[in-house]
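Data from data.tsv: TSV, C-alpha atoms and all ligand atoms
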```tsv
chain	number	residue	atom	x	y	z
A	1	MET	CA	0.00	0.00	0.00
A	2	MET	CA	1.30	3.47	-0.86
A	3	ARG	CA	1.34	5.86	2.08
A	4	LEU	CA	1.29	9.62	2.17
A	5	PRO	CA	4.50	11.24	3.40
A	6	LYS	CA	4.23	13.33	6.59
A	7	PHE	CA	3.02	16.88	6.06
A	8	GLU	CA	1.41	19.74	7.91
A	9	TYR	CA	-2.20	20.46	6.92
A	10	ARG	CA	-3.52	24.01	7.21
A	11	VAL	CA	-7.08	25.23	6.64
A	12	PRO	CA	-7.27	29.01	6.18
A	13	ARG	CA	-10.65	30.81	6.26
A	14	SER	CA	-9.83	33.78	4.05
A	15	ILE	CA	-7.89	34.45	0.86
A	16	ALA	CA	-5.57	36.80	2.74
A	17	GLU	CA	-4.80	34.09	5.30
A	18	ALA	CA	-4.27	31.47	2.56
A	19	VAL	CA	-1.76	33.52	0.57
A	20	LYS	CA	0.05	34.54	3.75
A	21	LEU	CA	0.30	30.91	4.88
A	22	ILE	CA	1.69	29.79	1.53
A	23	GLY	CA	4.07	32.75	1.38
A	24	ASP	CA	5.35	32.13	4.91
A	25	SER	CA	5.78	28.37	4.34
A	26	GLY	CA	8.20	28.83	1.42
A	27	PRO	CA	8.71	26.66	-1.67
A	28	GLU	CA	7.89	23.43	0.17
A	29	ALA	CA	4.21	24.37	0.53
A	30	GLN	CA	1.39	23.64	-1.86
A	31	PHE	CA	-2.33	24.36	-2.11
A	32	VAL	CA	-4.78	21.47	-2.16
A	33	ALA	CA	-8.44	21.43	-3.15
A	34	GLY	CA	-10.12	18.00	-3.52
A	35	GLY	CA	-6.73	16.27	-3.40
A	36	THR	CA	-7.63	13.77	-6.15
A	37	ASP	CA	-4.50	14.68	-8.12
A	38	LEU	CA	-2.16	15.98	-5.40
A	39	TYR	CA	-2.53	13.15	-2.86
A	40	PRO	CA	-1.87	10.30	-5.34
A	41	ASN	CA	1.15	12.30	-6.57
A	42	MET	CA	2.37	12.63	-2.98
A	43	LYS	CA	1.93	8.89	-2.42
A	44	ARG	CA	4.09	8.28	-5.49
A	45	ARG	CA	6.62	10.85	-4.17
A	46	GLN	CA	6.24	12.94	-7.32
A	47	GLN	CA	5.35	15.94	-5.21
A	48	THR	CA	6.37	16.12	-1.56
A	49	PRO	CA	5.18	19.38	0.02
A	50	ARG	CA	5.92	19.75	3.74
A	51	THR	CA	2.89	22.02	4.17
A	52	VAL	CA	-0.43	21.58	2.42
A	53	VAL	CA	-2.85	24.51	2.47
A	54	SER	CA	-6.50	23.65	1.80
A	55	VAL	CA	-8.55	26.03	-0.36
A	56	MET	CA	-11.89	24.35	0.35
A	57	ARG	CA	-13.05	26.68	3.16
A	58	LEU	CA	-12.48	29.89	1.21
A	59	GLN	CA	-16.02	31.19	0.68
A	60	GLU	CA	-15.15	33.26	-2.39
A	61	LEU	CA	-13.78	30.18	-4.17
A	62	ASN	CA	-16.95	28.17	-3.65
A	63	GLN	CA	-19.47	30.04	-5.76
A	64	ILE	CA	-20.79	30.25	-9.29
A	65	SER	CA	-22.07	33.70	-10.26
A	66	GLY	CA	-23.06	35.88	-13.22
A	67	ASP	CA	-24.59	34.48	-16.38
A	68	GLY	CA	-24.14	34.18	-20.12
A	69	GLN	CA	-25.46	37.69	-20.75
A	70	SER	CA	-22.97	39.59	-18.61
A	71	GLY	CA	-20.31	36.88	-18.27
A	72	GLY	CA	-20.02	34.20	-15.61
A	73	SER	CA	-17.57	33.31	-12.89
A	74	ILE	CA	-16.75	29.93	-11.33
A	75	GLY	CA	-14.83	29.81	-8.05
A	76	ALA	CA	-11.77	27.56	-8.16
A	77	SER	CA	-13.05	25.29	-5.36
A	78	VAL	CA	-16.40	24.57	-7.03
A	79	THR	CA	-16.54	20.80	-7.47
A	80	LEU	CA	-16.98	19.14	-10.83
A	81	THR	CA	-20.33	17.70	-9.65
A	82	GLU	CA	-21.54	21.21	-8.74
A	83	ILE	CA	-20.55	22.37	-12.23
A	84	CYS	CA	-22.41	19.49	-13.88
A	85	GLU	CA	-25.51	20.31	-11.82
A	86	SER	CA	-25.38	24.11	-11.98
A	87	GLU	CA	-28.40	25.67	-13.74
A	88	ILE	CA	-26.29	28.64	-14.90
A	89	ILE	CA	-23.60	26.41	-16.40
A	90	GLN	CA	-26.06	23.98	-18.00
A	91	ARG	CA	-28.10	26.82	-19.52
A	92	ASP	CA	-25.40	29.31	-20.57
A	93	TYR	CA	-22.18	27.29	-20.81
A	94	PRO	CA	-23.34	23.74	-21.63
A	95	VAL	CA	-19.93	22.87	-23.13
A	96	ILE	CA	-18.35	23.24	-19.65
A	97	ALA	CA	-20.95	20.96	-18.05
A	98	ALA	CA	-20.53	18.43	-20.88
A	99	ALA	CA	-16.73	18.34	-20.56
A	100	ALA	CA	-16.90	18.17	-16.74
A	101	ARG	CA	-19.28	15.20	-16.99
A	102	THR	CA	-16.58	13.20	-18.82
A	103	ILE	CA	-14.01	13.67	-16.02
A	104	SER	CA	-13.18	10.57	-13.95
A	105	THR	CA	-16.07	9.09	-11.89
A	106	PRO	CA	-19.04	10.51	-9.92
A	107	ILE	CA	-17.19	9.97	-6.62
A	108	LEU	CA	-14.06	11.76	-7.87
A	109	ARG	CA	-16.19	14.55	-9.34
A	110	ASN	CA	-17.71	15.05	-5.86
A	111	MET	CA	-14.20	15.71	-4.53
A	112	GLY	CA	-12.35	17.15	-7.53
A	113	THR	CA	-12.62	20.87	-8.24
A	114	ILE	CA	-12.43	22.95	-11.38
A	115	GLY	CA	-9.31	24.71	-10.04
A	116	GLY	CA	-7.53	21.42	-9.43
A	117	ASN	CA	-8.51	20.24	-12.88
A	118	LEU	CA	-7.15	23.34	-14.62
A	119	LEU	CA	-3.88	23.04	-12.67
A	120	LEU	CA	-3.51	19.28	-13.08
A	121	ASP	CA	0.01	17.86	-13.24
A	122	THR	CA	1.08	16.72	-16.72
A	123	ARG	CA	0.99	12.97	-17.38
A	124	CYS	CA	3.30	10.37	-18.94
A	125	ASN	CA	3.57	6.56	-18.86
A	126	TYR	CA	7.08	6.82	-17.42
A	127	TYR	CA	6.02	9.24	-14.68
A	128	ASP	CA	2.58	8.08	-13.48
A	129	GLN	CA	4.08	5.13	-11.63
A	130	ASN	CA	4.94	4.43	-8.02
A	131	TYR	CA	8.35	5.32	-6.58
A	132	GLU	CA	9.84	1.81	-6.93
A	133	TRP	CA	8.79	1.56	-10.59
A	134	ARG	CA	10.34	4.93	-11.38
A	135	LYS	CA	13.46	4.02	-9.42
A	136	GLY	CA	13.69	0.84	-11.53
A	137	ILE	CA	14.22	2.94	-14.67
A	138	ASN	CA	16.46	5.42	-12.82
A	139	PHE	CA	13.63	7.97	-12.82
A	140	CYS	CA	13.28	10.57	-15.60
A	141	LEU	CA	13.82	14.25	-16.29
A	142	LYS	CA	10.47	15.32	-14.84
A	143	LYS	CA	11.35	14.04	-11.35
A	144	ASP	CA	14.59	12.78	-9.81
A	145	GLY	CA	16.28	11.70	-13.12
A	146	ASP	CA	18.17	13.20	-16.01
A	147	VAL	CA	16.86	11.40	-19.12
A	148	CYS	CA	13.56	11.69	-20.93
A	149	TRP	CA	12.56	8.10	-21.82
A	150	VAL	CA	10.12	9.32	-24.46
A	151	ALA	CA	12.70	11.41	-26.32
A	152	PRO	CA	16.14	10.48	-24.85
A	153	GLY	CA	17.98	13.22	-26.76
A	154	SER	CA	15.56	15.88	-25.51
A	155	SER	CA	16.30	18.41	-22.79
A	156	LYS	CA	12.58	19.00	-22.45
A	157	CYS	CA	9.84	16.95	-20.81
A	158	TRP	CA	6.92	16.06	-23.09
A	159	ALA	CA	4.45	14.94	-20.40
A	160	VAL	CA	0.91	15.63	-21.53
A	161	GLN	CA	-1.62	18.23	-20.41
A	162	SER	CA	-4.51	15.86	-19.61
A	163	SER	CA	-7.38	17.97	-18.34
A	164	ASP	CA	-10.73	17.88	-20.13
A	165	LEU	CA	-11.62	21.43	-19.14
A	166	VAL	CA	-8.38	23.08	-20.29
A	167	PRO	CA	-9.05	22.94	-24.07
A	168	VAL	CA	-12.60	24.14	-23.43
A	169	MET	CA	-11.44	27.14	-21.37
A	170	VAL	CA	-8.87	28.08	-24.02
A	171	ALA	CA	-11.43	27.74	-26.83
A	172	ILE	CA	-14.11	29.89	-25.16
A	173	GLY	CA	-11.62	32.56	-24.06
A	174	ALA	CA	-11.86	32.19	-20.28
A	175	LYS	CA	-9.58	34.12	-17.92
A	176	PHE	CA	-8.03	32.94	-14.66
A	177	ARG	CA	-7.81	35.25	-11.61
A	178	LEU	CA	-4.72	34.65	-9.47
A	179	VAL	CA	-3.97	36.23	-6.10
A	180	SER	CA	-0.77	36.28	-4.06
A	181	SER	CA	0.74	38.55	-1.42
A	182	LEU	CA	2.07	40.61	-4.36
A	183	GLY	CA	-1.45	41.34	-5.66
A	184	GLU	CA	-3.82	40.09	-8.33
A	185	ARG	CA	-3.33	38.96	-11.94
A	186	LEU	CA	-5.89	38.09	-14.62
A	187	LEU	CA	-4.42	35.71	-17.22
A	188	ASP	CA	-5.96	34.43	-20.44
A	189	ALA	CA	-6.43	30.65	-20.41
A	190	ALA	CA	-4.85	30.68	-23.88
A	191	GLY	CA	-1.50	31.96	-22.57
A	192	PHE	CA	-1.59	30.15	-19.23
A	193	TYR	CA	0.05	26.84	-20.23
A	194	ASN	CA	3.71	26.34	-21.14
A	195	ASP	CA	4.75	23.76	-23.72
A	196	ASP	CA	6.97	22.08	-21.13
A	197	GLY	CA	5.94	19.02	-19.10
A	198	ILE	CA	7.88	20.19	-16.02
A	199	ASP	CA	7.24	23.93	-15.99
A	200	TYR	CA	3.72	23.62	-17.41
A	201	LEU	CA	1.99	26.65	-15.87
A	202	LYS	CA	2.45	30.42	-15.98
A	203	LYS	CA	1.14	30.43	-12.40
A	204	ARG	CA	3.76	31.02	-9.71
A	205	PRO	CA	3.70	28.38	-6.90
A	206	GLU	CA	2.57	30.91	-4.28
A	207	GLU	CA	-0.36	32.18	-6.38
A	208	LEU	CA	-3.88	31.11	-5.49
A	209	LEU	CA	-6.33	30.51	-8.34
A	210	VAL	CA	-9.42	32.34	-7.14
A	211	ASP	CA	-11.86	32.02	-10.01
A	212	ILE	CA	-12.40	31.40	-13.69
A	213	GLN	CA	-14.04	34.24	-15.55
A	214	LEU	CA	-16.23	33.25	-18.48
A	215	PRO	CA	-17.00	35.59	-21.40
A	216	PRO	CA	-20.56	36.61	-22.31
A	217	THR	CA	-22.16	34.14	-24.72
A	218	ASN	CA	-23.04	36.65	-27.44
A	219	GLY	CA	-23.41	34.61	-30.61
A	220	TRP	CA	-20.91	31.82	-29.98
A	221	ARG	CA	-21.34	28.14	-29.40
A	222	ALA	CA	-18.85	25.48	-28.43
A	223	SER	CA	-18.50	21.71	-28.14
A	224	TYR	CA	-16.05	19.15	-26.72
A	225	GLN	CA	-15.18	15.63	-27.86
A	226	LYS	CA	-12.97	13.27	-25.87
A	227	LEU	CA	-11.03	10.17	-26.86
A	228	ARG	CA	-10.25	7.71	-24.05
A	229	ARG	CA	-9.86	3.97	-23.72
A	230	ARG	CA	-12.66	3.26	-21.25
A	231	GLY	CA	-15.98	5.01	-21.72
A	232	ALA	CA	-16.79	4.71	-18.00
A	233	PHE	CA	-13.79	6.75	-16.86
A	234	ASP	CA	-10.37	7.59	-18.19
A	235	PHE	CA	-8.10	10.54	-18.81
A	236	PRO	CA	-8.36	12.04	-22.30
A	237	VAL	CA	-5.67	10.92	-24.74
A	238	LEU	CA	-7.14	13.46	-27.13
A	239	GLY	CA	-9.70	16.17	-26.48
A	240	VAL	CA	-11.06	18.54	-29.12
A	241	ALA	CA	-12.79	21.78	-28.17
A	242	ALA	CA	-14.46	23.66	-31.03
A	243	TRP	CA	-15.76	27.23	-30.73
A	244	VAL	CA	-17.49	29.25	-33.46
A	245	LYS	CA	-19.05	32.68	-33.56
A	246	LEU	CA	-21.72	33.03	-36.23
A	247	ASP	CA	-22.82	36.22	-37.91
A	248	GLN	CA	-25.74	36.04	-40.37
A	249	GLY	CA	-25.05	32.40	-41.19
A	250	ALA	CA	-21.29	32.79	-41.71
A	251	ILE	CA	-18.53	31.97	-39.25
A	252	ALA	CA	-17.11	35.30	-38.06
A	253	ASP	CA	-14.53	33.70	-35.75
A	254	ALA	CA	-13.48	30.18	-34.76
A	255	LYS	CA	-11.10	28.24	-32.53
A	256	ILE	CA	-10.14	24.59	-32.52
A	257	VAL	CA	-8.11	23.54	-29.47
A	258	LEU	CA	-6.58	20.09	-29.04
A	259	GLY	CA	-5.89	18.69	-25.59
A	260	GLY	CA	-4.18	15.51	-24.38
A	261	ILE	CA	-1.44	15.46	-27.02
A	262	ALA	CA	1.26	17.86	-25.75
A	263	PRO	CA	2.41	19.58	-22.54
A	264	ALA	CA	0.10	22.52	-23.38
A	265	PRO	CA	-3.20	22.72	-25.24
A	266	VAL	CA	-2.61	23.11	-28.98
A	267	THR	CA	-4.53	25.76	-30.91
A	268	ALA	CA	-5.00	24.70	-34.52
A	269	GLU	CA	-4.99	28.11	-36.27
A	270	GLN	CA	-5.22	26.70	-39.80
A	271	ALA	CA	-8.28	24.73	-38.82
A	272	ALA	CA	-9.93	27.95	-37.64
A	273	GLN	CA	-8.89	29.72	-40.85
A	274	ALA	CA	-10.60	27.00	-42.89
A	275	LEU	CA	-13.86	27.98	-41.20
A	276	ILE	CA	-13.73	31.77	-40.88
A	277	GLY	CA	-15.80	33.62	-43.48
A	278	ASN	CA	-17.63	30.44	-44.50
A	279	PRO	CA	-20.87	28.72	-43.54
A	280	LEU	CA	-20.59	25.79	-41.13
A	281	SER	CA	-21.01	23.33	-43.97
A	282	GLU	CA	-19.70	19.82	-44.65
A	283	ASP	CA	-16.81	20.82	-46.95
A	284	HIS	CA	-15.48	23.54	-44.61
A	285	ILE	CA	-15.78	21.20	-41.63
A	286	GLN	CA	-13.77	18.60	-43.58
A	287	ALA	CA	-11.09	21.19	-44.40
A	288	ALA	CA	-10.86	22.26	-40.76
A	289	ALA	CA	-10.59	18.64	-39.57
A	290	GLU	CA	-7.79	17.99	-42.09
A	291	ALA	CA	-5.90	21.04	-40.77
A	292	ALA	CA	-6.35	19.83	-37.17
A	293	TYR	CA	-4.92	16.45	-38.20
A	294	ILE	CA	-1.82	18.14	-39.66
A	295	LYS	CA	-1.32	20.21	-36.51
A	296	ALA	CA	-1.66	17.28	-34.07
A	297	ARG	CA	1.70	15.70	-33.18
A	298	PRO	CA	1.12	13.36	-30.23
A	299	LEU	CA	4.06	11.44	-28.74
A	300	ASP	CA	4.34	7.88	-27.51
A	301	ASN	CA	3.90	8.69	-23.81
A	302	THR	CA	0.30	7.93	-23.00
A	303	ASP	CA	-2.41	5.42	-23.88
A	304	PHE	CA	-2.98	4.28	-27.51
A	305	VAL	CA	-0.56	4.34	-30.44
A	306	TYR	CA	0.40	7.94	-31.15
A	307	SER	CA	-0.04	7.70	-34.94
A	308	TRP	CA	-3.62	6.53	-34.39
A	309	ARG	CA	-4.23	9.38	-31.93
A	310	LYS	CA	-3.06	11.74	-34.67
A	311	GLN	CA	-5.58	10.25	-37.11
A	312	MET	CA	-8.27	10.58	-34.47
A	313	ALA	CA	-7.60	14.33	-34.27
A	314	LYS	CA	-9.34	14.59	-37.64
A	315	GLN	CA	-12.27	12.38	-36.64
A	316	TYR	CA	-12.83	14.11	-33.30
A	317	THR	CA	-12.61	17.57	-34.88
A	318	LEU	CA	-15.25	16.44	-37.37
A	319	ARG	CA	-17.44	15.27	-34.51
A	320	ALA	CA	-16.94	18.45	-32.49
A	321	LEU	CA	-17.80	20.71	-35.44
A	322	LYS	CA	-20.76	18.63	-36.59
A	323	GLN	CA	-22.16	18.97	-33.09
A	324	LEU	CA	-22.28	22.74	-33.66
A	325	VAL	CA	-24.26	22.58	-36.91
B	401	LIG	C1	-8.79	7.87	-11.28
B	401	LIG	C2	-8.71	9.30	-11.78
B	401	LIG	C3	-9.27	9.62	-12.99
B	401	LIG	C4	-9.21	10.92	-13.46
B	401	LIG	N1	-9.77	11.20	-14.67
B	401	LIG	C5	-9.70	12.45	-15.18
B	401	LIG	C6	-10.27	12.74	-16.43
B	401	LIG	O1	-10.85	11.88	-17.10
B	401	LIG	N2	-10.17	14.00	-16.90
B	401	LIG	C7	-9.54	14.98	-16.21
B	401	LIG	O2	-9.49	16.11	-16.69
B	401	LIG	N3	-8.99	14.74	-15.01
B	401	LIG	C8	-9.06	13.50	-14.46
B	401	LIG	N4	-8.52	13.23	-13.23
B	401	LIG	C9	-7.71	14.29	-12.57
B	401	LIG	C10	-8.27	15.05	-11.34
B	401	LIG	O3	-8.64	14.24	-10.31
B	401	LIG	C11	-9.41	15.95	-11.60
B	401	LIG	O4	-9.16	16.64	-12.76
B	401	LIG	C12	-9.76	16.93	-10.45
B	401	LIG	O5	-10.55	17.96	-10.99
B	401	LIG	C13	-8.60	17.59	-9.75
B	401	LIG	O6	-9.13	18.49	-8.78
B	401	LIG	P1	-8.74	18.45	-7.23
B	401	LIG	O7	-9.55	19.51	-6.58
B	401	LIG	O8	-8.83	17.09	-6.66
B	401	LIG	O9	-7.22	18.88	-7.37
B	401	LIG	P2	-6.05	18.75	-6.26
B	401	LIG	O10	-5.50	17.38	-6.32
B	401	LIG	O11	-6.50	19.25	-4.95
B	401	LIG	O12	-5.01	19.81	-6.86
B	401	LIG	C14	-4.42	19.63	-8.12
B	401	LIG	C15	-3.35	20.71	-8.30
B	401	LIG	O13	-3.93	22.00	-8.30
B	401	LIG	C16	-3.39	22.81	-7.25
B	401	LIG	N5	-4.52	23.64	-6.78
B	401	LIG	C17	-5.78	23.20	-6.55
B	401	LIG	N6	-6.58	24.25	-6.30
B	401	LIG	C18	-5.80	25.36	-6.34
B	401	LIG	C19	-6.05	26.77	-6.19
B	401	LIG	N7	-7.28	27.25	-5.95
B	401	LIG	N8	-5.01	27.63	-6.34
B	401	LIG	C20	-3.76	27.17	-6.61
B	401	LIG	N9	-3.47	25.86	-6.76
B	401	LIG	C21	-4.49	24.98	-6.62
B	401	LIG	C22	-2.80	21.85	-6.25
B	401	LIG	O14	-1.72	22.44	-5.54
B	401	LIG	C23	-2.33	20.73	-7.16
B	401	LIG	O15	-1.10	21.07	-7.72
B	401	LIG	C24	-8.57	11.95	-12.71
B	401	LIG	C25	-8.02	11.60	-11.48
B	401	LIG	C26	-8.09	10.31	-11.01
B	401	LIG	C27	-7.49	9.99	-9.68
B	402	LIG	S1	8.08	13.00	-21.23
B	402	LIG	FE1	10.13	12.27	-20.65
B	402	LIG	S2	10.80	13.56	-18.94
B	402	LIG	FE2	8.62	13.87	-19.22
B	402	LIG	S3	7.65	12.46	-17.78
B	402	LIG	FE3	7.82	11.36	-19.73
B	402	LIG	S4	9.76	10.29	-19.69
B	402	LIG	FE4	9.77	11.80	-18.03
```
Could you render the structure as structure tokens?
Ligand SMILES: Cc1cc2nc3c(=O)[nH]c(=O)nc-3n(C[C@H](O)[C@H](O)[C@H](O)COP(=O)(O)OP(=O)(O)OC[C@H]3O[C@@H](n4cnc5c(N)ncnc54)[C@H](O)[C@@H]3O)c2cc1C
Ligand code: SF4
Amino acid sequence: MMRLPKFEYRVPRSIAEAVKLIGDSGPEAQFVAGGTDLYPNMKRRQQTPRTVVSVMRLQELNQISGDGQSGGSIGASVTLTEICESEIIQRDYPVIAAAARTISTPILRNMGTIGGNLLLDTRCNYYDQNYEWRKGINFCLKKDGDVCWVAPGSSKCWAVQSSDLVPVMVAIGAKFRLVSSLGERLLDAAGFYNDDGIDYLKKRPEELLVDIQLPPTNGWRASYQKLRRRGAFDFPVLGVAAWVKLDQGAIADAKIVLGGIAPAPVTAEQAAQALIGNPLSEDHIQAAAEAAYIKARPLDNTDFVYSWRKQMAKQYTLRALKQLV
């Protein structure tokens, strides 16, 4: 049985107290929400914070507010179940509820939060193993080693961004509000992820994700399609978020974002260009899907053969766009 390492557990009641606690505890401290990603990582000794600061009692992080007309906001500690069941999200941002519904299992969705999902550690077959397994291969670049087993000549880690909500947030143009003792920052989801499996976030360790700000829904619609091995529950090995804004029957703007194939979500610009200025018709959808296929370059570090995952980028883009017709 894998055991958690020893750590101090703190439960602040205000944002000010939380950021002070994290600041005072130094680099060996980490926030925790539902713990469904952090605690397994701690058991595998991938992350070993000495102090863990819970964000679950911070009132401001536990609410959904606003609406599609003026723009919505989801607190970082709102659970995935609450998102699936929220009237505001179901009515105005159904793509978020649909993507959240595909995440893990009902029990994990009761614990797991949207903040934890958007800040999920990157994944790789050589990394998501217990300590003894990783020791057996002399570890890897991402933790405790100096070689990348996926690309041995590479100085970069290619572990995969594996959240279902990340491509959706990038596609719809959400913003993330971060607070630390130095003040507040509002970052676009699109620029928030680094293409590096180790340093995968623009967020500084001491910054608290407070909420996710959603744009007004004036004339756009979006969809999400997920490829995974088991329909019941599994991480995405490919996720396609499609977003289009229509104006008098023509596509005025579009975004196709691929998740689960690289350390950061991949925006397929050419796929969007194939749509913009055109009706959402079969031939333009086909052209966009072809462009998404060209852009997708998955590596051999997660489930399924990577060349097949690349082919599926076309099929899942087709599905995502057809859902918007
Ligand atoms: C069996 C299993 C299946 C899963 N399947 C899927 C899946 O299909 N799709 C998917 O997308 N995910 C999946 N997950 C991943 C994960 O459990 C969920 O995405 C969940 O939403 C994570 O949320 P959490 O609150 O438990 O995060 P935690 O584990 O509490 O935190 C995750 C990370 O976020 C940080 N963090 C959390 N909240 C904040 C905050 N407010 N400010 C700053 N930092 C913060 C933590 O420090 C940690 O680094 C799965 C996990 C398991 C165990
Ligand atoms: S991509 Fe390479 S460095 Fe990164 S986790 Fe996998 S094996 Fe390790």
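Atom CA of Gln46 of chain A to atom CA of Gly34 of chain A spans 17.5 Å [interatomic distance, one decimal].
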- Item | Test item: which residues lie within 9 Å of (-4.3, 20.7, 3.6) counting only C-alpha atoms, as JSON, numbers by chain | {"A": [7, 8, 9, 10, 11, 30, 31, 32, 33, 35, 51, 52, 53, 54, 55]}
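When all atoms listed in the file are used to compute distances to Val78 of chain A, the closest of the residues A:Arg91, A:Arg109, A:Arg177, A:Arg13 turns out to be A:Arg109.
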Sort by chain and increasing residue number a table of all residues of segment 129-172 of chain A within 9 Å of segment 253-268 of chain A, each with its closest pair of atoms and their distance in Å to one decimal, counting only C-alpha atoms, and write it as JSON lines.
```
{"residue": "A:Cys157", "atom": "CA", "partner": "A:Pro263", "partner_atom": "CA", "distance": 8.1}
{"residue": "A:Trp158", "atom": "CA", "partner": "A:Pro263", "partner_atom": "CA", "distance": 5.7}
{"residue": "A:Ala159", "atom": "CA", "partner": "A:Pro263", "partner_atom": "CA", "distance": 5.5}
{"residue": "A:Val160", "atom": "CA", "partner": "A:Pro263", "partner_atom": "CA", "distance": 4.3}
{"residue": "A:Gln161", "atom": "CA", "partner": "A:Pro263", "partner_atom": "CA", "distance": 4.8}
{"residue": "A:Ser162", "atom": "CA", "partner": "A:Gly260", "partner_atom": "CA", "distance": 4.8}
{"residue": "A:Ser163", "atom": "CA", "partner": "A:Gly260", "partner_atom": "CA", "distance": 7.3}
{"residue": "A:Asp164", "atom": "CA", "partner": "A:Gly259", "partner_atom": "CA", "distance": 7.3}
{"residue": "A:Val166", "atom": "CA", "partner": "A:Pro265", "partner_atom": "CA", "distance": 7.2}
{"residue": "A:Pro167", "atom": "CA", "partner": "A:Gly259", "partner_atom": "CA", "distance": 5.5}
{"residue": "A:Val168", "atom": "CA", "partner": "A:Val257", "partner_atom": "CA", "distance": 7.5}
{"residue": "A:Val170", "atom": "CA", "partner": "A:Val257", "partner_atom": "CA", "distance": 7.1}
{"residue": "A:Ala171", "atom": "CA", "partner": "A:Lys255", "partner_atom": "CA", "distance": 5.7}
{"residue": "A:Ile172", "atom": "CA", "partner": "A:Lys255", "partner_atom": "CA", "distance": 8.1}
```
- Task: With all atoms listed in the file counted, collect every polymer residue having an atom within 8 Å of ligand LIG 401 (chain B); state the result as an NGL selection string.
- Result: :A and (30-40 or 55 or 61 or 76-77 or 79-80 or 100 or 102-105 or 108-109 or 111-121 or 162-166 or 178 or 205-211 or 233-236)
Please determine an axis-aligned box that encloses all atoms of segment 126-136 of chain A listed in the file, with 8 Å added on each side, and express its centre and edge lengths in Å to one decimal as JSON.
```
{"center_x": 8.1, "center_y": 5.0, "center_z": -12.0, "size_x": 27.1, "size_y": 24.4, "size_z": 26.8}
```
- Which residues sit within 12 Å of ligand LIG 402 (chain B), counting all atoms listed in the file, listed as a VMD selection string? chain A and resid 46 121 to 129 134 137 to 161 195 to 200 261 to 263 298 to 302
- Message: Please list, as a PyMOL selection string, the residues that have an atom at most 7 Å away from (-23.3, 30.0, -24.4) in the coordinates of this file, counting only C-alpha atoms.
- Response: chain A and resi 68+92-94+217+220-221
- Correct to one decimal, the distance atom CA of Ala289 of chain A-atom CA of Thr317 of chain A is 5.2 Å
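Reported to one decimal place, the separation of atom CA of Ala241 of chain A from atom CA of Glu290 of chain A is 15.3 Å.
Remark: for Pro216 of chain A, the closest of the candidate residues A:Val19, A:Ala174, A:Ala98, A:Leu280 is A:Ala174 (distances computed over all atoms listed in the file).
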